[in-house]
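Note: the block below is protein15.pdb and it holds PDB, C-alpha atoms and all ligand atoms.
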```pdb
ATOM      1  CA  MET J   1     135.945  20.947 123.413
ATOM      2  CA  THR J   2     134.348  17.972 121.702
ATOM      3  CA  ALA J   3     133.323  18.119 118.047
ATOM      4  CA  LEU J   4     129.772  17.726 116.814
ATOM      5  CA  ARG J   5     129.373  15.686 113.663
ATOM      6  CA  ILE J   6     126.546  16.046 111.154
ATOM      7  CA  ARG J   7     127.312  13.597 108.327
ATOM      8  CA  ASP J   8     130.788  14.666 107.160
ATOM      9  CA  PHE J   9     130.452  18.190 108.584
ATOM     10  CA  GLU J  10     132.600  18.394 111.729
ATOM     11  CA  ILE J  11     131.675  21.345 113.948
ATOM     12  CA  HIS J  12     134.003  22.548 116.715
ATOM     13  CA  PRO J  13     131.961  24.895 118.925
ATOM     14  CA  GLY J  14     134.065  27.654 120.494
ATOM     15  CA  TYR J  15     137.341  26.465 118.976
ATOM     16  CA  PHE J  16     138.642  30.030 119.279
ATOM     17  CA  ALA J  17     138.259  31.567 122.770
ATOM     18  CA  PRO J  18     137.242  35.256 122.989
ATOM     19  CA  ASP J  19     140.852  36.532 123.246
ATOM     20  CA  ALA J  20     141.889  34.487 120.210
ATOM     21  CA  GLN J  21     138.847  35.819 118.307
ATOM     22  CA  ALA J  22     139.932  39.404 119.093
ATOM     23  CA  GLN J  23     143.475  38.627 117.895
ATOM     24  CA  LEU J  24     142.053  37.220 114.640
ATOM     25  CA  VAL J  25     139.983  40.370 114.101
ATOM     26  CA  ALA J  26     143.123  42.515 114.627
ATOM     27  CA  ASP J  27     145.050  40.420 112.069
ATOM     28  CA  LEU J  28     142.159  40.640 109.601
ATOM     29  CA  ARG J  29     142.166  44.437 109.880
ATOM     30  CA  ASP J  30     145.785  44.365 108.665
ATOM     31  CA  CYS J  31     144.837  41.991 105.834
ATOM     32  CA  LEU J  32     141.920  44.168 104.730
ATOM     33  CA  GLY J  33     144.116  47.279 104.872
ATOM     34  CA  GLN J  34     146.269  45.665 102.171
ATOM     35  CA  ALA J  35     143.500  43.907 100.218
ATOM     36  CA  PRO J  36     140.193  45.751 100.861
ATOM     37  CA  LEU J  37     136.775  44.068 100.824
ATOM     38  CA  VAL J  38     134.942  44.299  97.504
ATOM     39  CA  GLN J  39     131.302  43.670  96.646
ATOM     40  CA  PRO J  40     131.489  40.940  93.983
ATOM     41  CA  VAL J  41     128.991  40.547  91.160
ATOM     42  CA  THR J  42     127.926  37.183  89.773
ATOM     43  CA  PRO J  43     128.921  36.349  86.176
ATOM     44  CA  ARG J  44     125.426  37.596  85.191
ATOM     45  CA  GLY J  45     126.134  40.935  86.891
ATOM     46  CA  THR J  46     123.970  40.575  90.023
ATOM     47  CA  PRO J  47     125.683  42.065  93.102
ATOM     48  CA  MET J  48     126.277  39.583  95.940
ATOM     49  CA  SER J  49     125.202  40.719  99.412
ATOM     50  CA  VAL J  50     128.469  39.507 100.978
ATOM     51  CA  ARG J  51     131.676  41.608 100.719
ATOM     52  CA  MET J  52     134.849  39.585 100.011
ATOM     53  CA  SER J  53     138.615  39.607 100.090
ATOM     54  CA  SER J  54     141.280  36.916 100.535
ATOM     55  CA  ALA J  55     144.641  36.118 102.059
ATOM     56  CA  GLY J  56     147.221  33.602 100.835
ATOM     57  CA  ALA J  57     148.767  32.705  97.485
ATOM     58  CA  TYR J  58     145.354  32.858  95.765
ATOM     59  CA  GLY J  59     142.145  34.823  96.215
ATOM     60  CA  TRP J  60     138.694  33.820  95.019
ATOM     61  CA  ILE J  61     137.080  36.274  92.604
ATOM     62  CA  SER J  62     133.613  36.599  91.088
ATOM     63  CA  ASP J  63     132.938  39.150  88.353
ATOM     64  CA  ARG J  64     131.410  39.391  84.848
ATOM     65  CA  LYS J  65     134.196  37.131  83.578
ATOM     66  CA  GLY J  66     133.273  34.270  85.938
ATOM     67  CA  TYR J  67     134.299  32.558  89.182
ATOM     68  CA  ARG J  68     138.006  31.851  89.616
ATOM     69  CA  TYR J  69     141.122  32.075  91.764
ATOM     70  CA  GLU J  70     143.579  34.893  91.072
ATOM     71  CA  ARG J  71     147.093  35.673  92.335
ATOM     72  CA  LEU J  72     146.298  39.391  92.769
ATOM     73  CA  HIS J  73     143.595  41.537  94.376
ATOM     74  CA  PRO J  74     141.573  43.491  91.755
ATOM     75  CA  SER J  75     143.700  46.571  92.688
ATOM     76  CA  GLY J  76     146.786  44.710  91.382
ATOM     77  CA  VAL J  77     148.471  43.970  94.743
ATOM     78  CA  PRO J  78     149.258  40.443  96.001
ATOM     79  CA  TRP J  79     146.999  38.997  98.708
ATOM     80  CA  PRO J  80     148.468  39.322 102.239
ATOM     81  CA  PRO J  81     149.775  36.177 103.988
ATOM     82  CA  ILE J  82     147.300  33.932 105.835
ATOM     83  CA  PRO J  83     147.476  34.851 109.577
ATOM     84  CA  ALA J  84     149.651  32.417 111.555
ATOM     85  CA  GLU J  85     146.943  31.333 114.022
ATOM     86  CA  LEU J  86     144.796  30.134 111.096
ATOM     87  CA  LEU J  87     147.676  28.033 109.764
ATOM     88  CA  ALA J  88     148.101  26.573 113.273
ATOM     89  CA  MET J  89     144.370  25.732 113.383
ATOM     90  CA  TRP J  90     144.620  23.985 109.987
ATOM     91  CA  GLN J  91     147.604  21.950 111.219
ATOM     92  CA  ASP J  92     145.686  21.022 114.379
ATOM     93  CA  LEU J  93     142.406  19.990 112.710
ATOM     94  CA  VAL J  94     143.489  18.586 109.321
ATOM     95  CA  PRO J  95     147.143  17.506 109.806
ATOM     96  CA  ASP J  96     147.106  15.196 106.780
ATOM     97  CA  ALA J  97     145.881  17.845 104.332
ATOM     98  CA  ARG J  98     148.078  19.922 102.013
ATOM     99  CA  ALA J  99     148.806  23.497 103.118
ATOM    100  CA  PRO J 100     145.981  25.997 102.538
ATOM    101  CA  GLU J 101     146.523  28.300  99.548
ATOM    102  CA  CYS J 102     143.586  30.647 100.081
ATOM    103  CA  CYS J 103     141.771  32.124 103.041
ATOM    104  CA  LEU J 104     138.574  33.621 101.638
ATOM    105  CA  ILE J 105     137.247  36.430 103.861
ATOM    106  CA  ASN J 106     133.468  36.958 103.686
ATOM    107  CA  TRP J 107     131.858  39.902 105.499
ATOM    108  CA  TYR J 108     128.096  39.882 106.189
ATOM    109  CA  ASP J 109     126.030  42.858 107.317
ATOM    110  CA  ALA J 110     122.710  42.272 109.109
ATOM    111  CA  THR J 111     120.841  41.541 105.842
ATOM    112  CA  ALA J 112     123.470  39.568 103.908
ATOM    113  CA  LYS J 113     123.015  35.898 103.010
ATOM    114  CA  MET J 114     124.556  33.300 100.715
ATOM    115  CA  GLY J 115     122.434  31.071  98.520
ATOM    116  CA  MET J 116     122.936  27.310  98.315
ATOM    117  CA  HIS J 117     126.019  26.512  96.217
ATOM    118  CA  GLN J 118     128.904  24.082  95.849
ATOM    119  CA  ASP J 119     132.584  25.083  96.057
ATOM    120  CA  ARG J 120     134.240  23.449  93.072
ATOM    121  CA  ASP J 121     136.668  25.978  91.636
ATOM    122  CA  GLU J 122     139.498  24.104  93.391
ATOM    123  CA  ALA J 123     141.532  21.477  91.500
ATOM    124  CA  ASP J 124     141.589  18.805  94.227
ATOM    125  CA  LEU J 125     138.225  18.219  95.914
ATOM    126  CA  SER J 126     139.752  15.482  98.093
ATOM    127  CA  GLN J 127     141.283  18.287 100.194
ATOM    128  CA  PRO J 128     139.124  19.647 103.047
ATOM    129  CA  VAL J 129     137.806  23.185 103.557
ATOM    130  CA  VAL J 130     137.882  24.659 107.066
ATOM    131  CA  SER J 131     135.669  27.610 108.048
ATOM    132  CA  VAL J 132     135.864  30.027 111.005
ATOM    133  CA  SER J 133     132.918  32.182 112.127
ATOM    134  CA  LEU J 134     133.465  35.550 113.865
ATOM    135  CA  GLY J 135     130.908  38.066 115.095
ATOM    136  CA  ASP J 136     127.148  37.722 114.704
ATOM    137  CA  GLU J 137     125.588  34.258 114.568
ATOM    138  CA  ALA J 138     124.612  32.750 111.218
ATOM    139  CA  LEU J 139     122.156  30.055 110.176
ATOM    140  CA  PHE J 140     124.238  27.574 108.141
ATOM    141  CA  ARG J 141     122.370  25.105 105.901
ATOM    142  CA  MET J 142     124.002  21.821 104.907
ATOM    143  CA  GLY J 143     122.731  20.020 101.830
ATOM    144  CA  ASN J 144     123.840  17.179  99.637
ATOM    145  CA  ALA J 145     126.185  16.511  96.698
ATOM    146  CA  THR J 146     123.283  17.130  94.327
ATOM    147  CA  ARG J 147     120.824  20.031  94.515
ATOM    148  CA  GLY J 148     117.714  19.455  96.658
ATOM    149  CA  GLY J 149     116.981  16.684  99.153
ATOM    150  CA  LYS J 150     116.978  16.961 102.908
ATOM    151  CA  THR J 151     119.055  19.662 104.572
ATOM    152  CA  GLU J 152     120.157  20.292 108.139
ATOM    153  CA  SER J 153     120.708  23.705 109.676
ATOM    154  CA  VAL J 154     122.847  24.884 112.551
ATOM    155  CA  TRP J 155     123.518  28.309 114.081
ATOM    156  CA  LEU J 156     127.253  29.055 113.827
ATOM    157  CA  LYS J 157     128.533  31.281 116.639
ATOM    158  CA  SER J 158     131.617  33.443 116.970
ATOM    159  CA  GLY J 159     134.679  31.233 117.441
ATOM    160  CA  ASP J 160     133.097  28.129 115.904
ATOM    161  CA  VAL J 161     135.063  26.168 113.299
ATOM    162  CA  VAL J 162     133.638  23.747 110.725
ATOM    163  CA  VAL J 163     135.697  21.145 108.856
ATOM    164  CA  MET J 164     134.237  20.012 105.533
ATOM    165  CA  GLY J 165     135.872  16.780 104.407
ATOM    166  CA  GLY J 166     134.705  13.612 102.704
ATOM    167  CA  GLU J 167     131.176  13.897 101.317
ATOM    168  CA  ALA J 168     130.678  17.335 102.906
ATOM    169  CA  ARG J 169     133.369  18.822 100.664
ATOM    170  CA  ARG J 170     131.057  18.422  97.636
ATOM    171  CA  ALA J 171     127.830  19.278  99.460
ATOM    172  CA  TYR J 172     125.586  22.235  98.651
ATOM    173  CA  HIS J 173     125.575  24.751 101.498
ATOM    174  CA  GLY J 174     124.577  28.323 102.264
ATOM    175  CA  ILE J 175     123.862  30.974 104.879
ATOM    176  CA  ASP J 176     120.128  31.706 105.271
ATOM    177  CA  ARG J 177     120.439  34.649 107.627
ATOM    178  CA  ILE J 178     122.421  36.493 110.244
ATOM    179  CA  ARG J 179     121.219  37.162 113.800
ATOM    180  CA  PRO J 180     121.981  40.905 114.188
ATOM    181  CA  ASN J 181     123.542  42.069 117.464
ATOM    182  CA  SER J 182     124.145  38.514 118.694
ATOM    183  CA  SER J 183     127.856  39.218 119.290
ATOM    184  CA  THR J 184     129.900  42.176 120.498
ATOM    185  CA  LEU J 185     133.161  41.051 118.838
ATOM    186  CA  LEU J 186     132.875  43.460 115.897
ATOM    187  CA  PRO J 187     132.267  47.065 117.059
ATOM    188  CA  LYS J 188     129.835  47.788 114.212
ATOM    189  CA  GLY J 189     128.264  44.323 114.263
ATOM    190  CA  GLY J 190     128.066  41.931 111.331
ATOM    191  CA  ARG J 191     129.793  38.631 110.686
ATOM    192  CA  ILE J 192     133.100  37.531 109.215
ATOM    193  CA  ASN J 193     133.533  34.039 107.806
ATOM    194  CA  LEU J 194     136.951  32.710 106.886
ATOM    195  CA  THR J 195     137.358  29.635 104.688
ATOM    196  CA  LEU J 196     140.739  28.022 104.228
ATOM    197  CA  ARG J 197     141.136  26.121 100.965
ATOM    198  CA  VAL J 198     143.678  24.180  98.930
ATOM    199  CA  VAL J 199     143.349  25.632  95.417
ATOM    200  CA  THR J 200     145.767  23.814  93.068
TER     201      THR J 200
HETATM  202  C1  LIG J 301     131.065  23.082 102.398
HETATM  203  N1  LIG J 301     130.853  30.411 103.124
HETATM  204  O1  LIG J 301     132.786  30.926 101.335
HETATM  205  S1  LIG J 301     131.098  28.528 105.661
HETATM  206  C2  LIG J 301     131.975  30.035 101.054
HETATM  207  O2  LIG J 301     129.567  31.289 106.185
HETATM  208  C3  LIG J 301     130.867  29.740 101.988
HETATM  209  O3  LIG J 301     130.449  32.487 104.615
HETATM  210  C4  LIG J 301     129.771  30.304 104.060
HETATM  211  O4  LIG J 301     130.050  28.933 101.691
HETATM  212  C5  LIG J 301     129.937  31.429 105.030
HETATM  213  O5  LIG J 301     132.046  29.345 100.032
HETATM  214  C6  LIG J 301     129.688  28.983 104.706
HETATM  215  C7  LIG J 301     130.983  26.780 105.550
HETATM  216  C8  LIG J 301     131.492  26.188 104.272
HETATM  217  C9  LIG J 301     132.487  26.788 103.545
HETATM  218  C10 LIG J 301     133.024  26.165 102.414
HETATM  219  C11 LIG J 301     132.543  24.916 102.030
HETATM  220  C12 LIG J 301     130.996  24.976 103.878
HETATM  221  C13 LIG J 301     131.517  24.335 102.774
HETATM  222  C14 LIG J 301     133.077  24.246 100.925
HETATM  223  C15 LIG J 301     132.616  23.006 100.591
HETATM  224  C16 LIG J 301     131.598  22.432 101.320
HETATM  225 FE    FE J 302     130.812  27.793  99.969
END
```
Would you mind writing the structure in this file as structure tokens?
Ligand code: MD3
Ligand code: FE
Amino acid sequence: MTALRIRDFEIHPGYFAPDAQAQLVADLRDCLGQAPLVQPVTPRGTPMSVRMSSAGAYGWISDRKGYRYERLHPSGVPWPPIPAELLAMWQDLVPDARAPECCLINWYDATAKMGMHQDRDEADLSQPVVSVSLGDEALFRMGNATRGGKTESVWLKSGDVVVMGGEARRAYHGIDRIRPNSSTLLPKGGRINLTLRVVT
């Protein structure tokens, strides 16, 4: 499959075939059994609409104390290991990058969205971020290194992978909305997004 490039956003439509998507969902069930999804609040106390957990050496946390990476799930247990097929994908797509230290797991119901933001809690912004979409389709908006300006939007489908390197790594981005019932991968519907990151 050939990649689609929008500025420094590299989109790989259907990188994961349906059987590989189902295997990923099975592995994520194990992960979430060990480190359950939580509904984060922003530092100001506003609940986010997305539910989150992580795998890997670090997990990303948002609560009243701020945004940060932590070694442990809020319950006090370590995050489960990043599933092997995600590490293989990272090796395939970004062979020159350092190993990923966090796989953030975002779960969206039919009404969830994510406002425009930058990811800059990581120490080395020269390292790429790679995202995997599973389940219902999502309208992904790509902005610029500073707030505002022109944006481009693309519907991300189940199995699609996006590599954010170069200028895209510092770009504002968000999810405007989910297309409910656009996939049958997840029995109860919804969307899972995985983002692999180098943290330190
Ligand atoms: C561009 N997730 O977890 S994935 C996030 O679909 C996040 O759940 C969205 O934004 C989601 O932070 C979008 C695409 C994405 C992920 C991380 C990025 C784009 C990015 C980090 C830097 C730049
Ligand atoms: Fe983000």
Please identify every polymer residue within 8 Å of ligand LIG 301 (chain J), using all atoms listed in the file, and present the set as a PyMOL selection string. chain J and resi 9+104-108+114+117-120+128-133+138+140+142+162-165+168-175+192-195
Check which residues satisfy the PyMOL selection byres (((chain J and resi 75) around 12) and not hetatm) in the file shown, then give them as an mmCIF file with C-alpha atoms, keeping the file's coordinate frame.
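Final output, result_7.cif:
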```
data_model
loop_
_atom_site.group_PDB
_atom_site.id
_atom_site.type_symbol
_atom_site.label_atom_id
_atom_site.label_comp_id
_atom_site.auth_asym_id
_atom_site.auth_seq_id
_atom_site.Cartn_x
_atom_site.Cartn_y
_atom_site.Cartn_z
ATOM 1 C CA GLN J 34 146.269 45.665 102.171
ATOM 2 C CA ALA J 35 143.500 43.907 100.218
ATOM 3 C CA PRO J 36 140.193 45.751 100.861
ATOM 4 C CA LEU J 37 136.775 44.068 100.824
ATOM 5 C CA VAL J 38 134.942 44.299 97.504
ATOM 6 C CA SER J 53 138.615 39.607 100.090
ATOM 7 C CA GLU J 70 143.579 34.893 91.072
ATOM 8 C CA ARG J 71 147.093 35.673 92.335
ATOM 9 C CA LEU J 72 146.298 39.391 92.769
ATOM 10 C CA HIS J 73 143.595 41.537 94.376
ATOM 11 C CA PRO J 74 141.573 43.491 91.755
ATOM 12 C CA GLY J 76 146.786 44.710 91.382
ATOM 13 C CA VAL J 77 148.471 43.970 94.743
ATOM 14 C CA PRO J 78 149.258 40.443 96.001
ATOM 15 C CA TRP J 79 146.999 38.997 98.708
#
```
Could you give me, as an MDAnalysis selection string, the residues that sit within 10 Å of (128.7, 36.5, 114.4) in the file's coordinates, counting only C-alpha atoms? chainID J and resid 108:110 133:138 155:160 178:186 189:193
Expected selection from the PyMOL selection byres (((chain J and resi 84-95) around 12) and not hetatm), given as a tab-separated table (two decimals) with C-alpha atoms, keeping the file's coordinate frame:
```
chain	number	residue	atom	x	y	z
J	3	ALA	CA	133.32	18.12	118.05
J	10	GLU	CA	132.60	18.39	111.73
J	11	ILE	CA	131.68	21.34	113.95
J	12	HIS	CA	134.00	22.55	116.72
J	15	TYR	CA	137.34	26.46	118.98
J	16	PHE	CA	138.64	30.03	119.28
J	20	ALA	CA	141.89	34.49	120.21
J	21	GLN	CA	138.85	35.82	118.31
J	22	ALA	CA	139.93	39.40	119.09
J	23	GLN	CA	143.48	38.63	117.90
J	24	LEU	CA	142.05	37.22	114.64
J	25	VAL	CA	139.98	40.37	114.10
J	26	ALA	CA	143.12	42.52	114.63
J	27	ASP	CA	145.05	40.42	112.07
J	28	LEU	CA	142.16	40.64	109.60
J	55	ALA	CA	144.64	36.12	102.06
J	56	GLY	CA	147.22	33.60	100.84
J	80	PRO	CA	148.47	39.32	102.24
J	81	PRO	CA	149.78	36.18	103.99
J	82	ILE	CA	147.30	33.93	105.84
J	83	PRO	CA	147.48	34.85	109.58
J	96	ASP	CA	147.11	15.20	106.78
J	97	ALA	CA	145.88	17.84	104.33
J	98	ARG	CA	148.08	19.92	102.01
J	99	ALA	CA	148.81	23.50	103.12
J	100	PRO	CA	145.98	26.00	102.54
J	101	GLU	CA	146.52	28.30	99.55
J	102	CYS	CA	143.59	30.65	100.08
J	103	CYS	CA	141.77	32.12	103.04
J	104	LEU	CA	138.57	33.62	101.64
J	127	GLN	CA	141.28	18.29	100.19
J	128	PRO	CA	139.12	19.65	103.05
J	129	VAL	CA	137.81	23.18	103.56
J	130	VAL	CA	137.88	24.66	107.07
J	131	SER	CA	135.67	27.61	108.05
J	132	VAL	CA	135.86	30.03	111.00
J	159	GLY	CA	134.68	31.23	117.44
J	160	ASP	CA	133.10	28.13	115.90
J	161	VAL	CA	135.06	26.17	113.30
J	162	VAL	CA	133.64	23.75	110.72
J	163	VAL	CA	135.70	21.14	108.86
J	164	MET	CA	134.24	20.01	105.53
J	165	GLY	CA	135.87	16.78	104.41
J	194	LEU	CA	136.95	32.71	106.89
J	195	THR	CA	137.36	29.64	104.69
J	196	LEU	CA	140.74	28.02	104.23
J	197	ARG	CA	141.14	26.12	100.96
J	198	VAL	CA	143.68	24.18	98.93
```
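Taking only C-alpha atoms and all ligand atoms into account, ligand FE 302 (chain J) lies nearest to J:Met116 out of the set J:Ile61, J:Met116, J:Val199, J:Val154.
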Computed gap from CA of Lys65 in chain J to CA of Pro47 in chain J is 13.7 Å
Residues proximal to (120.3, 23.7, 105.3) were defined as those with any atom within 6 Å of that point in the file's coordinates, counting all atoms listed in the file. Which are they, as a list in words? Arg141, Met142, Gly143, Thr151, Glu152 and Ser153 of chain J
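The two atoms in question, CA of Ile6 in chain J and CA of Glu167 in chain J, are spaced 11.1 Å apart.
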Would you compute the distance between CA of Thr46 in chain J and CA of Thr111 in chain J? Give it in Å to one decimal. 16.2 Å
Would you compute an axis-aligned box for range 102-105 of chain J, covering every atom listed for it in the file with 4 Å of margin on each side, and report centre and edge lengths in Å to one decimal as lines of an AutoDock Vina configuration file?
```
center_x = 140.4
center_y = 33.5
center_z = 102.0
size_x = 14.3
size_y = 13.8
size_z = 11.8
```
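Compared by their closest atoms to ligand FE 302 (chain J), and using all atoms listed in the file, the residues J:Gly148, J:Asp124, J:Gly115, J:Pro187 rank with J:Gly115 nearest.
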